[in-house]
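*Asks:* This is entry16.cif, which holds mmCIF, C-alpha atoms:
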```
data_coords
loop_
_atom_site.label_atom_id
_atom_site.label_comp_id
_atom_site.auth_asym_id
_atom_site.auth_seq_id
_atom_site.Cartn_x
_atom_site.Cartn_y
_atom_site.Cartn_z
CA MET A 42 -17.25 5.82 3.49
CA GLY A 43 -19.35 6.59 6.52
CA GLU A 44 -16.91 5.41 9.17
CA TYR A 45 -14.01 7.48 7.80
CA GLN A 46 -14.16 11.24 7.42
CA ARG A 47 -10.58 11.91 6.29
CA ALA A 48 -8.07 9.55 4.65
CA LEU A 49 -4.36 9.94 3.94
CA VAL A 50 -3.23 8.02 0.85
CA THR A 51 0.43 7.66 -0.13
CA GLY A 52 1.47 7.06 -3.71
CA ALA A 53 -1.69 8.88 -4.75
CA SER A 54 -0.51 10.47 -8.02
CA ALA A 55 -1.34 7.39 -10.12
CA GLY A 56 -2.26 3.71 -10.09
CA ILE A 57 -3.80 2.06 -7.05
CA GLY A 58 -3.32 5.15 -4.88
CA GLU A 59 -5.23 7.34 -7.31
CA SER A 60 -8.01 4.74 -7.46
CA PHE A 61 -8.23 4.72 -3.65
CA ALA A 62 -8.49 8.51 -3.66
CA GLU A 63 -11.28 8.48 -6.25
CA LYS A 64 -13.29 5.79 -4.48
CA LEU A 65 -12.98 7.37 -1.04
CA ALA A 66 -13.88 10.82 -2.37
CA SER A 67 -16.95 9.37 -4.10
CA ARG A 68 -18.11 8.28 -0.63
CA GLY A 69 -17.69 11.78 0.78
CA CYS A 70 -14.32 11.24 2.47
CA SER A 71 -11.93 14.21 2.69
CA LEU A 72 -8.40 13.43 1.54
CA VAL A 73 -4.75 14.07 2.26
CA LEU A 74 -2.87 12.95 -0.86
CA VAL A 75 0.85 12.17 -0.71
CA ALA A 76 3.25 11.51 -3.59
CA ARG A 77 6.64 12.61 -4.84
CA ARG A 78 5.45 13.78 -8.30
CA GLY A 79 3.98 17.18 -7.48
CA ALA A 80 2.45 18.13 -10.83
CA LEU A 81 0.67 14.78 -11.22
CA LEU A 82 -0.53 14.91 -7.63
CA GLU A 83 -1.94 18.42 -7.99
CA ALA A 84 -3.78 17.35 -11.15
CA VAL A 85 -5.34 14.37 -9.35
CA ALA A 86 -6.33 16.57 -6.41
CA GLU A 87 -7.96 19.22 -8.62
CA ARG A 88 -9.92 16.62 -10.59
CA ILE A 89 -11.21 15.02 -7.39
CA ARG A 90 -12.21 18.40 -5.91
CA GLU A 91 -14.20 19.27 -9.02
CA ARG A 92 -15.79 15.84 -9.40
CA HIS A 93 -16.65 15.01 -5.79
CA ARG A 94 -16.68 18.37 -3.98
CA VAL A 95 -14.57 17.15 -1.06
CA GLU A 96 -11.65 18.75 0.74
CA VAL A 97 -8.31 17.59 -0.67
CA GLU A 98 -4.95 18.45 0.90
CA VAL A 99 -1.73 17.84 -1.04
CA LEU A 100 1.61 16.86 0.48
CA VAL A 101 4.43 16.48 -2.03
CA ALA A 102 6.87 14.06 -0.42
CA ASP A 103 9.43 11.49 -1.46
CA LEU A 104 9.11 9.02 1.42
CA ALA A 105 12.79 8.09 1.09
CA ASP A 106 13.63 11.63 2.23
CA PRO A 107 13.60 11.76 6.08
CA ALA A 108 12.52 15.41 6.18
CA ARG A 109 9.57 14.87 3.84
CA LEU A 110 8.59 11.65 5.62
CA GLU A 111 8.52 13.58 8.90
CA LEU A 112 6.15 16.08 7.29
CA VAL A 113 3.68 13.28 6.55
CA GLU A 114 4.12 11.83 10.05
CA ASN A 115 3.30 15.20 11.58
CA ARG A 116 0.13 15.44 9.50
CA LEU A 117 -0.99 12.01 10.71
CA ALA A 118 -0.34 12.99 14.31
CA ASP A 119 -2.36 16.23 14.06
CA ASP A 120 -5.37 15.79 16.34
CA ARG A 121 -6.92 19.10 15.27
CA ASN A 122 -7.80 17.70 11.82
CA PRO A 123 -7.53 13.97 12.47
CA VAL A 124 -6.93 11.35 9.81
CA ASP A 125 -9.30 8.41 10.26
CA LEU A 126 -7.85 6.18 7.55
CA LEU A 127 -4.24 5.63 6.47
CA VAL A 128 -3.60 3.91 3.14
CA ASN A 129 0.08 2.97 2.93
CA ASN A 130 0.28 2.44 -0.81
CA ALA A 131 3.52 4.04 -2.04
CA GLY A 132 6.09 1.54 -3.21
CA VAL A 133 9.18 1.00 -5.35
CA GLY A 134 10.82 -2.12 -6.75
CA GLU A 135 13.77 -3.49 -8.67
CA THR A 136 14.09 -6.23 -11.33
CA GLU A 137 17.70 -7.34 -11.11
CA PRO A 138 19.52 -10.09 -9.20
CA PHE A 139 20.46 -8.81 -5.75
CA ALA A 140 24.23 -8.91 -6.40
CA ASP A 141 23.84 -6.94 -9.64
CA CYS A 142 21.48 -4.25 -8.39
CA PRO A 143 23.05 -0.99 -7.09
CA VAL A 144 22.94 -1.07 -3.32
CA ASP A 145 21.50 2.46 -3.26
CA SER A 146 18.51 1.14 -5.20
CA GLU A 147 18.04 -1.66 -2.67
CA GLN A 148 18.25 0.86 0.16
CA ARG A 149 15.60 3.06 -1.46
CA THR A 150 13.30 0.03 -1.64
CA LEU A 151 13.83 -0.55 2.09
CA LEU A 152 13.17 3.09 2.94
CA VAL A 153 9.96 3.46 0.90
CA ASN A 154 8.47 -0.02 1.31
CA ALA A 155 9.40 -0.79 4.93
CA LEU A 156 10.66 2.17 6.96
CA ALA A 157 8.11 4.70 5.67
CA PRO A 158 5.00 2.59 6.34
CA THR A 159 6.40 1.66 9.74
CA ARG A 160 6.80 5.29 10.75
CA LEU A 161 3.46 6.28 9.24
CA CYS A 162 1.64 3.46 11.04
CA HIS A 163 3.27 4.58 14.29
CA ALA A 164 2.25 8.21 13.77
CA ALA A 165 -1.31 7.28 12.80
CA LEU A 166 -1.80 4.91 15.72
CA ALA A 167 -0.63 7.50 18.23
CA SER A 168 -3.65 9.57 17.23
CA MET A 169 -6.14 6.80 16.38
CA THR A 170 -5.73 4.87 19.62
CA LYS A 171 -6.44 8.01 21.66
CA ARG A 172 -9.75 8.41 19.82
CA ASP A 173 -10.30 4.62 19.68
CA ARG A 174 -11.31 4.85 16.03
CA GLY A 175 -9.62 4.60 12.68
CA GLY A 176 -8.24 2.20 10.14
CA ILE A 177 -4.98 1.33 8.40
CA LEU A 178 -4.65 -0.35 5.01
CA ASN A 179 -1.13 -1.54 4.24
CA ILE A 180 -0.78 -2.35 0.54
CA SER A 181 1.74 -5.16 0.35
CA SER A 182 2.00 -7.67 -2.52
CA LEU A 183 1.53 -11.34 -3.22
CA ALA A 184 5.34 -11.38 -3.13
CA GLY A 185 5.00 -10.95 0.63
CA GLN A 186 3.19 -14.30 0.84
CA LEU A 187 5.76 -16.25 -1.17
CA PRO A 188 8.91 -18.02 0.10
CA ALA A 189 11.11 -16.10 -2.34
CA PHE A 190 10.93 -13.53 -5.12
CA ARG A 191 13.81 -13.82 -7.55
CA ASN A 192 15.38 -10.76 -9.20
CA SER A 193 13.52 -8.54 -6.77
CA ALA A 194 14.77 -9.91 -3.46
CA THR A 195 14.57 -6.70 -1.45
CA TYR A 196 11.13 -5.87 -2.79
CA GLY A 197 9.81 -9.30 -1.79
CA ALA A 198 11.44 -9.05 1.63
CA THR A 199 9.90 -5.62 2.33
CA LYS A 200 6.46 -6.91 1.38
CA ALA A 201 6.83 -9.91 3.70
CA TYR A 202 7.87 -7.47 6.44
CA LEU A 203 4.76 -5.35 5.86
CA CYS A 204 2.54 -8.44 6.17
CA SER A 205 4.19 -9.44 9.45
CA LEU A 206 4.10 -5.88 10.82
CA SER A 207 0.40 -5.52 10.05
CA GLU A 208 -0.60 -8.77 11.73
CA SER A 209 1.53 -8.00 14.79
CA ILE A 210 -0.06 -4.56 15.19
CA ARG A 211 -3.50 -6.18 14.93
CA LEU A 212 -2.66 -8.55 17.79
CA GLU A 213 -1.49 -5.68 19.97
CA LEU A 214 -4.63 -3.66 19.25
CA LYS A 215 -6.83 -6.65 19.99
CA ALA A 216 -5.11 -7.12 23.34
CA ARG A 217 -6.06 -3.52 24.17
CA ASN A 218 -9.67 -4.01 22.99
CA SER A 219 -9.06 -1.25 20.48
CA ARG A 220 -11.56 -0.54 17.73
CA VAL A 221 -8.81 0.56 15.30
CA ALA A 222 -8.76 -1.80 12.30
CA VAL A 223 -5.63 -2.90 10.43
CA THR A 224 -5.69 -4.87 7.17
CA VAL A 225 -2.83 -5.87 4.87
CA VAL A 226 -3.59 -6.25 1.17
CA CYS A 227 -1.58 -8.54 -1.12
CA PRO A 228 -2.44 -7.95 -4.79
CA GLY A 229 -0.90 -9.85 -7.66
CA TYR A 230 -0.35 -8.10 -10.98
CA VAL A 231 -2.29 -4.84 -11.28
CA PRO A 232 -2.07 -2.38 -14.22
CA THR A 233 0.05 0.47 -12.78
CA ASP A 234 3.33 2.29 -13.47
CA LEU A 235 5.11 -0.50 -11.60
CA THR A 236 3.88 -3.13 -14.09
CA ALA A 237 4.22 -1.08 -17.27
CA GLY A 238 5.65 -3.21 -20.07
CA ILE A 239 4.86 -6.58 -18.52
CA THR A 240 3.19 -9.10 -20.84
CA LEU A 241 1.10 -11.70 -19.02
CA PRO A 242 -2.08 -13.69 -19.74
CA ARG A 243 -5.31 -11.82 -19.05
CA ILE A 244 -6.15 -14.14 -16.14
CA ALA A 245 -3.06 -12.90 -14.28
CA TRP A 246 -4.29 -9.31 -14.07
CA VAL A 247 -6.49 -7.83 -11.35
CA SER A 248 -8.04 -4.40 -11.91
CA ARG A 249 -7.22 -1.46 -9.66
CA GLU A 250 -10.92 -1.05 -8.98
CA LYS A 251 -11.18 -4.61 -7.63
CA VAL A 252 -8.13 -4.11 -5.42
CA VAL A 253 -9.68 -0.95 -3.95
CA ARG A 254 -13.14 -2.48 -3.57
CA ASP A 255 -11.86 -5.66 -1.89
CA SER A 256 -9.48 -3.69 0.33
CA LEU A 257 -12.14 -1.32 1.68
CA ARG A 258 -14.59 -4.17 2.19
CA GLY A 259 -11.96 -6.18 4.04
CA LEU A 260 -11.07 -3.24 6.28
CA SER A 261 -14.73 -2.58 7.08
CA ARG A 262 -14.91 -6.20 8.30
CA ASN A 263 -11.54 -5.84 10.08
CA LYS A 264 -10.08 -8.74 8.11
CA PRO A 265 -6.37 -9.36 8.74
CA LEU A 266 -5.53 -10.15 5.11
CA VAL A 267 -7.06 -9.39 1.71
CA ILE A 268 -5.84 -11.09 -1.47
CA PRO A 269 -7.81 -9.83 -4.49
CA GLY A 270 -8.49 -12.45 -7.18
CA THR A 271 -9.15 -16.19 -6.98
CA LEU A 272 -5.91 -17.10 -8.78
CA TYR A 273 -3.81 -15.28 -6.22
CA LYS A 274 -5.79 -16.60 -3.27
CA LEU A 275 -4.99 -20.13 -4.47
CA ALA A 276 -1.33 -19.25 -4.98
CA ALA A 277 -1.07 -17.89 -1.45
CA ILE A 278 -2.78 -20.96 0.04
CA GLY A 279 -0.41 -23.26 -1.85
CA SER A 280 2.60 -21.26 -0.71
CA ARG A 281 1.52 -21.48 2.95
CA THR A 282 0.39 -25.11 3.04
CA LEU A 283 2.94 -26.95 0.91
CA PRO A 284 6.39 -27.68 2.37
CA ARG A 285 8.77 -24.84 1.58
CA ALA A 286 11.25 -27.31 0.10
CA LEU A 287 8.66 -28.09 -2.56
CA VAL A 288 7.58 -24.51 -3.15
CA ARG A 289 11.01 -22.87 -3.18
CA PRO A 290 12.14 -24.19 -6.61
CA PHE A 291 9.04 -22.55 -8.12
CA ALA A 292 9.63 -19.20 -6.43
CA ALA A 293 8.09 -16.31 -8.30
CA ASP A 294 10.33 -14.40 -10.67
CA SER A 295 10.06 -10.68 -11.36
CA PRO A 296 9.45 -10.25 -15.11
CA LYS A 297 12.60 -9.71 -17.18
CA ASP A 298 10.85 -7.48 -19.73
CA ALA A 299 9.70 -4.95 -17.13
CA ASP A 300 12.60 -2.50 -17.24
CA ALA A 301 10.22 0.28 -16.20
CA VAL A 302 9.65 -1.42 -12.84
CA SER A 303 13.14 -0.59 -11.61
CA LYS A 304 12.81 3.04 -12.68
CA THR A 305 9.34 3.95 -11.40
CA SER A 306 7.31 3.77 -8.26
CA ARG A 307 3.78 3.94 -6.91
CA GLY A 308 3.64 7.63 -6.19
#
```
Since I need it in another form, could you write the structure as structure tokens?

*Replies:*
Amino acid sequence: MGEYQRALVTGASAGIGESFAEKLASRGCSLVLVARRGALLEAVAERIRERHRVEVEVLVADLADPARLELVENRLADDRNPVDLLVNNAGVGETEPFADCPVDSEQRTLLVNALAPTRLCHAALASMTKRDRGGILNISSLAGQLPAFRNSATYGATKAYLCSLSESIRLELKARNSRVAVTVVCPGYVPTDLTAGITLPRIAWVSREKVVRDSLRGLSRNKPLVIPGTLYKLAAIGSRTLPRALVRPFAADSPKDADAVSKTSRG
């Protein structure tokens, strides 16, 4: 990845985050890997070091913990070993009606999916704008493009927030003639810990490799939005163009058989 020398990836111990780490390392990019599961993260880091011979730093951090989140912010703000690319990938979700879900679970979703990427974007931009170079990939979800997301209301709301935040930051950077790129990515269903146990037709799945490939290509072209997969592109277009009164009754539903979704996270 010629334009990026060092990338920080959250939720890097498995799933999409691990795939980002592998792809970036294969292009010679040094890494700062962040996740809450230390043993898994160390294993990923060691494998990447051996396979790609790049520098890999490890930061074990639960992004819902303010002290650990601050640790990651400080690393992003370090101009001595600057981070050129931030991949905000870590995420959590729930699969219960809002009124039935423990409020602490909803709050954790807000902290990891909305507050953490907000603070990390802020820390990264403080350094990137001074150098007038860098990129940010915010991994949202197709849920962020839909009018509603039943049985996962807070998750859907945080993903819509991340889409809006990303586009607003882009506008501000453009007004400053900044060369820092910001792209939000809205995948549909991808095989990860978050989707373990979900049974869907093959056409509904998008591979992690495609998500990573499309995301990095979109960022290199400074695209505002990337939606991997034709099916999901069409769904997003329909959601945006049809009257909300028509779309709302068909709002997406988080799968009922995905109990693992409410108990795991990306990272």

*Asks:* Between A:Ala131, A:Arg258, A:Ser146, A:Ala245, which residue has the minimum interatomic distance to Lys200 in chain A, considering only C-alpha atoms?

*Replies:*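 Nearest candidate to Lys200 in chain A out of A:Ala131, A:Arg258, A:Ser146, A:Ala245: A:Ala131.
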
*Asks:* Could you tell me how far CA of Asn130 in chain A sits from CA of Glu111 in chain A, in Å to one decimal place?

*Replies:*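 Atom-to-atom, CA of Glu111 in chain A to CA of Asn130 in chain A, that is 16.9 Å.
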
*Asks:* So the first atom is CA of Gly176 in chain A and the second is CA of Val85 in chain A; what is the distance between them in Å, to one decimal place?

*Replies:* 23.2 Å

*Asks:* Starting from the PyMOL selection byres ((chain A and resi 94) around 10), expand the selection into actual residues of this file and give them as a list in words.

*Replies:*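 Those residues are Ala66, Ser67, Gly69, Cys70, Ser71, Glu87, Arg88, Ile89, Arg90, Glu91, Arg92, His93, Val95, Glu96 and Val97 of chain A.
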
*Asks:* So that I can see what lies close to Ala157 in chain A, please list as a ChimeraX atom specification the residues with an atom at most 8 Å from it, counting all atoms listed in the file and leaving out residues fewer than 3 positions away in the same chain.

*Replies:* /A:104-105,110,152-154,160-161

*Asks:* Excluding range 224-235 of chain A and any residue of its chain fewer than 3 positions from it, enumerate the residues within 7 Å of it, using all atoms listed in the file, and give them as a ChimeraX atom specification.

*Replies:* /A:56,177-183,204,207,245-249,252,256,260,263-269,273,301-302,305-307

*Asks:* Any chance you can output those residues with C-alpha atoms as a PDB file, keeping the file's coordinate frame?

*Replies:*
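selection-v6.pdb, written as the output of this step:
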```
ATOM      1  CA  GLY A  56      -2.260   3.710 -10.090  1.00  0.00           C
ATOM      2  CA  ILE A 177      -4.980   1.330   8.400  1.00  0.00           C
ATOM      3  CA  LEU A 178      -4.650  -0.350   5.010  1.00  0.00           C
ATOM      4  CA  ASN A 179      -1.130  -1.540   4.240  1.00  0.00           C
ATOM      5  CA  ILE A 180      -0.780  -2.350   0.540  1.00  0.00           C
ATOM      6  CA  SER A 181       1.740  -5.160   0.350  1.00  0.00           C
ATOM      7  CA  SER A 182       2.000  -7.670  -2.520  1.00  0.00           C
ATOM      8  CA  LEU A 183       1.530 -11.340  -3.220  1.00  0.00           C
ATOM      9  CA  CYS A 204       2.540  -8.440   6.170  1.00  0.00           C
ATOM     10  CA  SER A 207       0.400  -5.520  10.050  1.00  0.00           C
ATOM     11  CA  ALA A 245      -3.060 -12.900 -14.280  1.00  0.00           C
ATOM     12  CA  TRP A 246      -4.290  -9.310 -14.070  1.00  0.00           C
ATOM     13  CA  VAL A 247      -6.490  -7.830 -11.350  1.00  0.00           C
ATOM     14  CA  SER A 248      -8.040  -4.400 -11.910  1.00  0.00           C
ATOM     15  CA  ARG A 249      -7.220  -1.460  -9.660  1.00  0.00           C
ATOM     16  CA  VAL A 252      -8.130  -4.110  -5.420  1.00  0.00           C
ATOM     17  CA  SER A 256      -9.480  -3.690   0.330  1.00  0.00           C
ATOM     18  CA  LEU A 260     -11.070  -3.240   6.280  1.00  0.00           C
ATOM     19  CA  ASN A 263     -11.540  -5.840  10.080  1.00  0.00           C
ATOM     20  CA  LYS A 264     -10.080  -8.740   8.110  1.00  0.00           C
ATOM     21  CA  PRO A 265      -6.370  -9.360   8.740  1.00  0.00           C
ATOM     22  CA  LEU A 266      -5.530 -10.150   5.110  1.00  0.00           C
ATOM     23  CA  VAL A 267      -7.060  -9.390   1.710  1.00  0.00           C
ATOM     24  CA  ILE A 268      -5.840 -11.090  -1.470  1.00  0.00           C
ATOM     25  CA  PRO A 269      -7.810  -9.830  -4.490  1.00  0.00           C
ATOM     26  CA  TYR A 273      -3.810 -15.280  -6.220  1.00  0.00           C
ATOM     27  CA  ALA A 301      10.220   0.280 -16.200  1.00  0.00           C
ATOM     28  CA  VAL A 302       9.650  -1.420 -12.840  1.00  0.00           C
ATOM     29  CA  THR A 305       9.340   3.950 -11.400  1.00  0.00           C
ATOM     30  CA  SER A 306       7.310   3.770  -8.260  1.00  0.00           C
ATOM     31  CA  ARG A 307       3.780   3.940  -6.910  1.00  0.00           C
TER      32      ARG A 307
END
```

*Asks:* Which of these residues is nearest to Arg254 in chain A, using all atoms listed in the file: A:Ala194, A:Gly270, A:Ala53, A:Val73?

*Replies:*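 Checking each of A:Ala194, A:Gly270, A:Ala53, A:Val73 against Arg254 in chain A, counting all atoms listed in the file, the winner is A:Gly270.
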
*Asks:* Distance CA of Pro123 in chain A-CA of Tyr202 in chain A, one decimal place?

*Replies:* 27.1 Å

*Asks:* Using all atoms listed in the file, find the one residue out of A:Arg121, A:Arg285, A:Lys64, A:Arg47 that sits nearest to Glu98 in chain A.

*Replies:*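 Checking each of A:Arg121, A:Arg285, A:Lys64, A:Arg47 against Glu98 in chain A, counting all atoms listed in the file, the winner is A:Arg47.
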
*Asks:* Just say which residues the PyMOL selection byres ((chain A and resi 135) around 8) picks in this file, as a list in words.

*Replies:*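 After applying the PyMOL selection byres ((chain A and resi 135) around 8), what remains is Val133, Gly134, Thr136, Glu137, Cys142, Ser146, Glu147, Thr150, Asn192, Ser193, Thr195, Tyr196, Val302, Ser303 and Lys304 of chain A.
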
*Asks:* Applied to this file, what does the PyMOL selection byres ((chain A and resi 120) around 10) return in terms of residues, put as a PyMOL selection string?

*Replies:* chain A and resi 115-119+121-124+167-169+171-172

*Asks:* Any chance you can output those residues with C-alpha atoms as a CSV table (one decimal), in the frame of the given file?

*Replies:*
```csv
chain,number,residue,atom,x,y,z
A,115,ASN,CA,3.3,15.2,11.6
A,116,ARG,CA,0.1,15.4,9.5
A,117,LEU,CA,-1.0,12.0,10.7
A,118,ALA,CA,-0.3,13.0,14.3
A,119,ASP,CA,-2.4,16.2,14.1
A,121,ARG,CA,-6.9,19.1,15.3
A,122,ASN,CA,-7.8,17.7,11.8
A,123,PRO,CA,-7.5,14.0,12.5
A,124,VAL,CA,-6.9,11.4,9.8
A,167,ALA,CA,-0.6,7.5,18.2
A,168,SER,CA,-3.6,9.6,17.2
A,169,MET,CA,-6.1,6.8,16.4
A,171,LYS,CA,-6.4,8.0,21.7
A,172,ARG,CA,-9.8,8.4,19.8
```

*Asks:* Which residues come within 9 Å of Arg220 in chain A, counting only C-alpha atoms, excluding same-chain residues fewer than 5 positions away, as a VMD selection string?

*Replies:* chain A and resid 170 173 to 176 214 to 215

*Asks:* I need the residue nearest Gly132 in chain A from this list: A:Asp103, A:Glu44, A:Asp255, A:Glu63. Use all atoms listed in the file for the distance.

*Replies:*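 Smallest distance to Gly132 in chain A is found for A:Asp103.
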
*Asks:* Taking into account only C-alpha atoms, which residue in the set A:Phe61, A:Leu206, A:Phe139, A:Gly197 is nearest to Leu156 in chain A?

*Replies:*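 Distance minimum relative to Leu156 in chain A lands on A:Leu206.
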
*Asks:* Would you mind telling me which residue in A:Gly279, A:Thr199, A:Ile210, A:Ile239 lies nearest to Gln148 in chain A when using only C-alpha atoms?

*Replies:*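 Looking at the shortest contact to Gln148 in chain A, the residue is A:Thr199.
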
*Asks:* Assuming the input is short of atoms at range 152-161 of chain A, produce all heavy atoms for that part as an mmCIF file, in the frame of the given file.

*Replies:*
```cif
data_model
loop_
_atom_site.group_PDB
_atom_site.id
_atom_site.type_symbol
_atom_site.label_atom_id
_atom_site.label_comp_id
_atom_site.auth_asym_id
_atom_site.auth_seq_id
_atom_site.Cartn_x
_atom_site.Cartn_y
_atom_site.Cartn_z
ATOM 1 N N LEU A 152 13.666 1.854 2.337
ATOM 2 C CA LEU A 152 13.170 3.090 2.940
ATOM 3 C C LEU A 152 11.694 3.322 2.606
ATOM 4 O O LEU A 152 10.890 3.650 3.489
ATOM 5 C CB LEU A 152 13.999 4.278 2.443
ATOM 6 C CG LEU A 152 15.451 4.354 2.929
ATOM 7 C CD1 LEU A 152 16.188 5.485 2.219
ATOM 8 C CD2 LEU A 152 15.508 4.553 4.433
ATOM 9 N N VAL A 153 11.331 3.153 1.333
ATOM 10 C CA VAL A 153 9.960 3.460 0.900
ATOM 11 C C VAL A 153 8.992 2.352 1.285
ATOM 12 O O VAL A 153 7.868 2.613 1.731
ATOM 13 C CB VAL A 153 9.925 3.715 -0.621
ATOM 14 C CG1 VAL A 153 8.485 3.927 -1.098
ATOM 15 C CG2 VAL A 153 10.783 4.919 -0.987
ATOM 16 N N ASN A 154 9.397 1.100 1.124
ATOM 17 C CA ASN A 154 8.470 -0.020 1.310
ATOM 18 C C ASN A 154 8.377 -0.521 2.751
ATOM 19 O O ASN A 154 7.390 -1.159 3.112
ATOM 20 C CB ASN A 154 8.881 -1.210 0.438
ATOM 21 C CG ASN A 154 8.761 -0.929 -1.040
ATOM 22 O OD1 ASN A 154 8.469 0.182 -1.449
ATOM 23 N ND2 ASN A 154 8.995 -1.937 -1.860
ATOM 24 N N ALA A 155 9.392 -0.258 3.565
ATOM 25 C CA ALA A 155 9.400 -0.790 4.930
ATOM 26 C C ALA A 155 9.469 0.314 5.986
ATOM 27 O O ALA A 155 8.605 0.404 6.861
ATOM 28 C CB ALA A 155 10.546 -1.771 5.118
ATOM 29 N N LEU A 156 10.508 1.153 5.914
ATOM 30 C CA LEU A 156 10.660 2.170 6.960
ATOM 31 C C LEU A 156 9.510 3.185 6.931
ATOM 32 O O LEU A 156 8.936 3.503 7.979
ATOM 33 C CB LEU A 156 11.998 2.901 6.795
ATOM 34 C CG LEU A 156 12.256 4.010 7.829
ATOM 35 C CD1 LEU A 156 12.299 3.436 9.238
ATOM 36 C CD2 LEU A 156 13.548 4.762 7.519
ATOM 37 N N ALA A 157 9.170 3.687 5.748
ATOM 38 C CA ALA A 157 8.110 4.700 5.670
ATOM 39 C C ALA A 157 6.780 4.200 6.213
ATOM 40 O O ALA A 157 6.175 4.864 7.071
ATOM 41 C CB ALA A 157 7.970 5.210 4.234
ATOM 42 N N PRO A 158 6.267 3.038 5.763
ATOM 43 C CA PRO A 158 5.000 2.590 6.340
ATOM 44 C C PRO A 158 5.074 2.302 7.831
ATOM 45 O O PRO A 158 4.089 2.477 8.550
ATOM 46 C CB PRO A 158 4.647 1.332 5.537
ATOM 47 C CG PRO A 158 5.872 0.956 4.804
ATOM 48 C CD PRO A 158 6.684 2.190 4.643
ATOM 49 N N THR A 159 6.236 1.877 8.307
ATOM 50 C CA THR A 159 6.400 1.660 9.740
ATOM 51 C C THR A 159 6.211 2.962 10.509
ATOM 52 O O THR A 159 5.445 3.040 11.482
ATOM 53 C CB THR A 159 7.790 1.083 10.054
ATOM 54 O OG1 THR A 159 7.943 -0.181 9.396
ATOM 55 C CG2 THR A 159 7.980 0.883 11.553
ATOM 56 N N ARG A 160 6.890 4.002 10.070
ATOM 57 C CA ARG A 160 6.800 5.290 10.750
ATOM 58 C C ARG A 160 5.403 5.896 10.606
ATOM 59 O O ARG A 160 4.881 6.513 11.544
ATOM 60 C CB ARG A 160 7.872 6.241 10.227
ATOM 61 C CG ARG A 160 9.305 5.793 10.522
ATOM 62 C CD ARG A 160 10.307 6.894 10.194
ATOM 63 N NE ARG A 160 10.144 8.025 11.069
ATOM 64 C CZ ARG A 160 10.891 8.275 12.146
ATOM 65 N NH1 ARG A 160 11.847 7.426 12.492
ATOM 66 N NH2 ARG A 160 10.675 9.346 12.884
ATOM 67 N N LEU A 161 4.791 5.712 9.446
ATOM 68 C CA LEU A 161 3.460 6.280 9.240
ATOM 69 C C LEU A 161 2.410 5.535 10.062
ATOM 70 O O LEU A 161 1.485 6.152 10.607
ATOM 71 C CB LEU A 161 3.103 6.273 7.758
ATOM 72 C CG LEU A 161 3.990 7.151 6.853
ATOM 73 C CD1 LEU A 161 3.479 7.140 5.429
ATOM 74 C CD2 LEU A 161 4.095 8.576 7.391
#
```
